[in-house]
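Below: input_7.txt (compact mmCIF, C-alpha atoms and all ligand atoms)
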# COMPACT_ATOMS: atom_id res chain seq x y z
CA MET A 1 -8.22 60.65 9.98
CA SER A 2 -10.82 60.16 7.34
CA VAL A 3 -11.39 56.69 5.89
CA ILE A 4 -14.95 55.79 6.97
CA CYS A 5 -17.91 56.91 4.90
CA PRO A 6 -20.41 58.88 7.07
CA VAL A 7 -23.30 57.82 4.84
CA CYS A 8 -22.91 54.03 4.77
CA ASN A 9 -20.07 53.45 7.27
CA LYS A 10 -18.02 51.54 4.71
CA LEU A 11 -14.26 51.81 4.67
CA VAL A 12 -12.92 53.87 1.75
CA CYS A 13 -16.33 53.88 0.09
CA ALA A 14 -16.50 54.39 -3.67
CA GLU A 15 -20.19 55.23 -3.86
CA HIS A 16 -19.93 58.35 -1.70
CA PHE A 17 -16.33 59.20 -2.43
CA SER A 18 -16.97 62.89 -3.01
CA ILE A 19 -18.72 63.16 0.37
CA TRP A 20 -16.07 61.64 2.66
CA TRP A 21 -12.85 62.29 0.73
CA ASN A 22 -10.56 64.81 2.39
CA ARG A 23 -7.04 64.98 1.01
CA LYS A 24 -5.71 66.56 4.17
CA LYS A 25 -7.19 63.99 6.52
CA PHE A 26 -6.91 60.72 4.67
CA ASP A 27 -5.03 57.94 6.48
CA TRP A 28 -2.58 56.77 3.81
CA SER A 29 -2.03 53.44 5.51
CA TYR A 30 -5.25 52.61 3.59
CA SER A 31 -3.62 53.35 0.22
CA GLY A 32 -4.39 49.87 -1.04
CA LYS A 33 -8.09 50.38 -0.36
CA LEU A 34 -8.11 53.57 -2.40
CA THR A 35 -6.64 51.85 -5.43
CA GLU A 36 -8.95 48.88 -5.07
CA ASN A 37 -12.22 50.72 -4.45
CA CYS A 38 -11.76 54.17 -5.95
CA SER A 39 -9.67 53.82 -9.12
CA ARG A 40 -12.28 55.82 -11.07
CA TYR A 41 -11.51 58.84 -8.85
CA PHE A 42 -7.77 58.40 -9.30
CA ASP A 43 -7.19 61.99 -10.41
CA LYS A 44 -8.90 63.31 -7.30
CA TRP A 45 -6.88 61.35 -4.74
CA TRP A 46 -3.51 60.55 -6.33
CA ASN A 47 -0.57 61.86 -4.33
CA ALA A 48 2.82 60.30 -5.07
CA LYS A 49 4.38 61.74 -1.92
CA LYS A 50 1.71 60.45 0.46
CA PHE A 51 0.92 57.12 -1.20
CA ASN A 52 2.12 54.05 0.72
CA TRP A 53 4.44 52.51 -1.89
CA GLN A 54 4.62 49.27 0.08
CA GLU A 55 1.18 48.69 -1.41
CA SER A 56 2.10 49.83 -4.91
CA TRP A 57 1.30 46.40 -6.32
CA THR A 58 -2.34 47.49 -5.92
CA LEU A 59 -1.70 50.36 -8.34
CA ALA A 60 -0.58 47.86 -10.96
CA ARG A 61 -3.55 45.65 -10.24
CA TYR A 62 -6.37 48.18 -9.99
CA CYS A 63 -5.09 51.36 -11.65
CA SER A 64 -3.35 50.05 -14.75
CA ALA A 65 -5.42 52.48 -16.85
CA GLN A 66 -3.62 55.33 -15.04
CA PHE A 67 -0.19 53.72 -15.35
CA ASP A 68 1.44 56.79 -16.87
CA LYS A 69 0.32 58.94 -13.98
CA TRP A 70 1.72 56.87 -11.12
CA TRP A 71 4.63 54.83 -12.51
CA ASP A 72 7.91 55.40 -10.66
CA THR A 73 10.53 52.71 -11.10
CA ASN A 74 12.43 53.77 -7.96
CA LYS A 75 9.43 53.89 -5.66
CA TYR A 76 7.62 50.83 -6.96
CA ASN A 77 7.66 47.73 -4.74
CA TRP A 78 9.31 45.28 -7.14
CA LYS A 79 9.69 42.57 -4.52
CA PHE A 80 5.96 42.10 -4.03
CA GLY A 81 4.66 43.71 -7.21
CA SER A 82 6.59 42.24 -10.12
CA LEU A 83 3.82 39.73 -10.69
CA GLU A 84 1.17 42.47 -10.99
CA LEU A 85 3.23 44.47 -13.48
CA ALA A 86 3.50 41.46 -15.76
CA ALA A 87 -0.11 40.40 -15.29
CA PHE A 88 -1.93 43.74 -15.37
CA CYS A 89 0.43 46.26 -16.99
CA ASN A 90 1.93 44.20 -19.78
CA GLU A 91 0.74 46.69 -22.42
CA TYR A 92 3.24 49.13 -20.86
CA PHE A 93 6.02 46.54 -20.77
CA ASP A 94 8.57 48.77 -22.45
CA ARG A 95 7.98 51.51 -19.90
CA TRP A 96 8.59 49.43 -16.77
CA TRP A 97 10.84 46.53 -17.76
CA ASP A 98 14.07 46.34 -15.76
CA ALA A 99 15.83 42.97 -15.57
CA ASP A 100 17.74 43.97 -12.45
CA LYS A 101 14.70 45.15 -10.53
CA PHE A 102 12.23 42.48 -11.59
CA ASN A 103 11.68 39.77 -8.97
CA TRP A 104 12.53 36.62 -10.92
CA GLU A 105 10.69 34.49 -8.35
CA HIS A 106 7.70 35.67 -10.42
CA SER A 107 9.25 34.39 -13.66
CA TYR A 108 6.17 32.47 -14.65
CA THR A 109 4.18 35.71 -15.03
CA LEU A 110 6.60 36.87 -17.73
CA ALA A 111 6.12 33.67 -19.67
CA LYS A 112 2.37 33.70 -19.14
CA TYR A 113 1.51 37.37 -19.73
CA CYS A 114 4.48 38.91 -21.54
CA HIS A 115 5.32 36.25 -24.11
CA LYS A 116 5.04 38.74 -26.94
CA TYR A 117 8.01 40.60 -25.40
CA PHE A 118 9.97 37.38 -25.00
CA ASP A 119 13.00 38.71 -26.89
CA LYS A 120 13.29 41.58 -24.44
CA TRP A 121 13.10 39.77 -21.12
CA TRP A 122 14.45 36.29 -21.79
CA ASN A 123 17.43 35.51 -19.57
CA GLU A 124 18.46 31.90 -19.18
CA ASP A 125 20.42 32.57 -16.00
CA LYS A 126 17.71 34.52 -14.20
CA TYR A 127 14.67 32.52 -15.20
CA ASP A 128 13.17 30.30 -12.47
CA TRP A 129 13.52 26.94 -14.26
CA GLN A 130 12.75 24.99 -11.11
CA ASN A 131 9.21 26.31 -10.68
CA ALA A 132 8.36 27.81 -14.03
CA SER A 133 9.67 25.54 -16.79
CA TRP A 134 6.09 24.53 -17.53
CA THR A 135 5.05 28.12 -18.33
CA LEU A 136 7.74 28.31 -21.01
CA ALA A 137 6.36 25.17 -22.62
CA GLN A 138 2.75 26.30 -22.36
CA TYR A 139 3.00 29.97 -23.30
CA CYS A 140 6.31 30.46 -25.11
CA HIS A 141 6.39 27.49 -27.45
CA ASP A 142 6.71 29.88 -30.39
CA HIS A 143 10.17 30.70 -29.03
CA PHE A 144 11.08 27.13 -28.18
CA ASN A 145 14.42 27.19 -29.95
CA MET A 146 15.45 30.30 -28.04
CA TRP A 147 14.87 28.92 -24.55
CA TRP A 148 15.23 25.17 -24.86
CA ASN A 149 17.93 23.78 -22.61
CA PRO A 150 17.65 20.11 -21.57
CA GLU A 151 20.03 20.65 -18.69
CA ARG A 152 17.88 23.34 -17.14
CA PHE A 153 14.34 22.40 -18.04
CA ASN A 154 12.60 20.84 -15.02
CA SER A 155 11.96 17.25 -16.06
CA SER A 156 8.91 17.04 -13.81
CA HIS A 157 7.23 19.48 -16.22
CA LEU A 158 7.33 17.06 -19.15
CA ARG A 159 3.55 17.00 -19.43
CA GLU A 160 3.47 20.59 -20.73
CA LEU A 161 6.22 19.80 -23.22
CA GLU A 162 4.21 16.92 -24.58
CA GLU A 163 1.02 18.94 -24.67
CA TYR A 164 2.25 22.23 -26.09
CA CYS A 165 5.59 21.54 -27.77
CA ALA A 166 4.78 18.42 -29.73
CA GLU A 167 6.31 19.84 -32.89
CA TYR A 168 9.71 19.98 -31.16
CA LYS A 169 9.55 16.41 -29.94
CA ASP A 170 12.84 15.53 -31.63
CA LYS A 171 14.51 18.09 -29.37
CA TRP A 172 13.04 17.03 -26.01
CA ILE A 173 12.51 13.29 -26.52
CA GLU A 174 15.94 12.55 -25.13
CA LEU A 175 15.11 14.28 -21.86
CA LYS A 176 11.92 12.28 -21.63
CA LEU A 177 13.65 8.95 -22.27
CA TYR A 178 16.37 9.80 -19.78
CA THR A 179 13.81 10.84 -17.13
CA THR A 180 11.67 7.76 -17.73
CA LEU A 181 14.71 5.51 -17.35
CA GLN A 182 15.55 7.09 -14.03
CA GLU A 183 12.09 6.59 -12.56
ZN ZN A 201 -20.63 55.30 1.44
Starting from the file, lay out its structure as structure tokens.
Amino acid sequence: MSVICPVCNKLVCAEHFSIWWNRKKFDWSYSGKLTENCSRYFDKWWNAKKFNWQESWTLARYCSAQFDKWWDTNKYNWKFGSLELAAFCNEYFDRWWDADKFNWEHSYTLAKYCHKYFDKWWNEDKYDWQNASWTLAQYCHDHFNMWWNPERFNSSHLRELEEYCAEYKDKWIELKLYTTLQE
């Protein structure tokens, strides 16, 4: 199994890639190291059948430039890699978006990195209001009227409302007064 560079003894070395790389002998349990260290040699090593798709979030993170070459909605690890799609592959949003496959525990990454596609992904029932209300206020204030729901917005995220959604104060002031009274 070939993963160690004979020149410098580094694991999955980028500098001497052409010296140690052997497509027949590579240990694919190191798939994540290939994406991280050797994305510039992507065309030389890419093998959709051998790649360890458990680590496919590393493709999104390190090989977003080659997105079209590796993307496979059925093989991709949505559970652990939804965050990386939103953060690093948002320019390909239309190619990968799937509301049923996306892990909504990573809701905040949609609000933070994909706000320009808000109309396409917004889903009041799936969004993680508990943990990610603040990201709506901070990054999606342009769409305030589309998402605002005083019954769902987490009232412990009022600071972001005040800071980023001041122009909609008449809409959220009631929630603030109600929350303040309860404290
Ligand atoms: Zn080396």
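One finds atom CA of Ser64 of chain A at 27.8 Å from atom CA of Ser133 of chain A.
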With ligand ZN 201 (chain A) as the partner and 10 Å as the cut-off, tabulate the residues of chain A that qualify, each row holding the nearest pair of atoms and their distance in Å to one decimal, using only C-alpha atoms and all ligand atoms, sorted by chain and rising number, as JSON lines.
{"residue": "A:Ile4", "atom": "CA", "partner": "A:ZN201", "partner_atom": "ZN", "distance": 7.9}
{"residue": "A:Cys5", "atom": "CA", "partner": "A:ZN201", "partner_atom": "ZN", "distance": 4.7}
{"residue": "A:Pro6", "atom": "CA", "partner": "A:ZN201", "partner_atom": "ZN", "distance": 6.7}
{"residue": "A:Val7", "atom": "CA", "partner": "A:ZN201", "partner_atom": "ZN", "distance": 5.0}
{"residue": "A:Cys8", "atom": "CA", "partner": "A:ZN201", "partner_atom": "ZN", "distance": 4.2}
{"residue": "A:Asn9", "atom": "CA", "partner": "A:ZN201", "partner_atom": "ZN", "distance": 6.1}
{"residue": "A:Lys10", "atom": "CA", "partner": "A:ZN201", "partner_atom": "ZN", "distance": 5.6}
{"residue": "A:Leu11", "atom": "CA", "partner": "A:ZN201", "partner_atom": "ZN", "distance": 7.9}
{"residue": "A:Val12", "atom": "CA", "partner": "A:ZN201", "partner_atom": "ZN", "distance": 7.8}
{"residue": "A:Cys13", "atom": "CA", "partner": "A:ZN201", "partner_atom": "ZN", "distance": 4.7}
{"residue": "A:Ala14", "atom": "CA", "partner": "A:ZN201", "partner_atom": "ZN", "distance": 6.6}
{"residue": "A:Glu15", "atom": "CA", "partner": "A:ZN201", "partner_atom": "ZN", "distance": 5.3}
{"residue": "A:His16", "atom": "CA", "partner": "A:ZN201", "partner_atom": "ZN", "distance": 4.4}
{"residue": "A:Phe17", "atom": "CA", "partner": "A:ZN201", "partner_atom": "ZN", "distance": 7.0}
{"residue": "A:Ser18", "atom": "CA", "partner": "A:ZN201", "partner_atom": "ZN", "distance": 9.5}
{"residue": "A:Ile19", "atom": "CA", "partner": "A:ZN201", "partner_atom": "ZN", "distance": 8.2}
{"residue": "A:Trp20", "atom": "CA", "partner": "A:ZN201", "partner_atom": "ZN", "distance": 7.9}
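Distance check against Glu174 of chain A using only C-alpha atoms: of A:Glu105, A:Glu151, A:Asp27, A:Glu160, the minimum falls on A:Glu151.
Comparing the minimum interatomic distances between Glu84 of chain A and each of A:Gln66, A:Thr135, A:Asn103, A:Thr179, counting all atoms listed in the file, we find that A:Asn103 sits nearest.
One finds atom CA of Trp134 of chain A at 10.5 Å from atom CA of Glu162 of chain A.
With only the atoms specified (only C-alpha atoms) counting, those residues at most 7 Å away from (-7.8, 49.5, -11.1) are Thr35, Glu36, Ser39, Leu59, Arg61, Tyr62, Cys63, Ser64 and Ala65 of chain A.
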Output file for the selection above: C-alpha atoms, as a compact mmCIF listing (two decimals), keeping the file's coordinate frame:
# COMPACT_ATOMS: atom_id res chain seq x y z
CA THR A 35 -6.64 51.85 -5.43
CA GLU A 36 -8.95 48.88 -5.07
CA SER A 39 -9.67 53.82 -9.12
CA LEU A 59 -1.70 50.36 -8.34
CA ARG A 61 -3.55 45.65 -10.24
CA TYR A 62 -6.37 48.18 -9.99
CA CYS A 63 -5.09 51.36 -11.65
CA SER A 64 -3.35 50.05 -14.75
CA ALA A 65 -5.42 52.48 -16.85
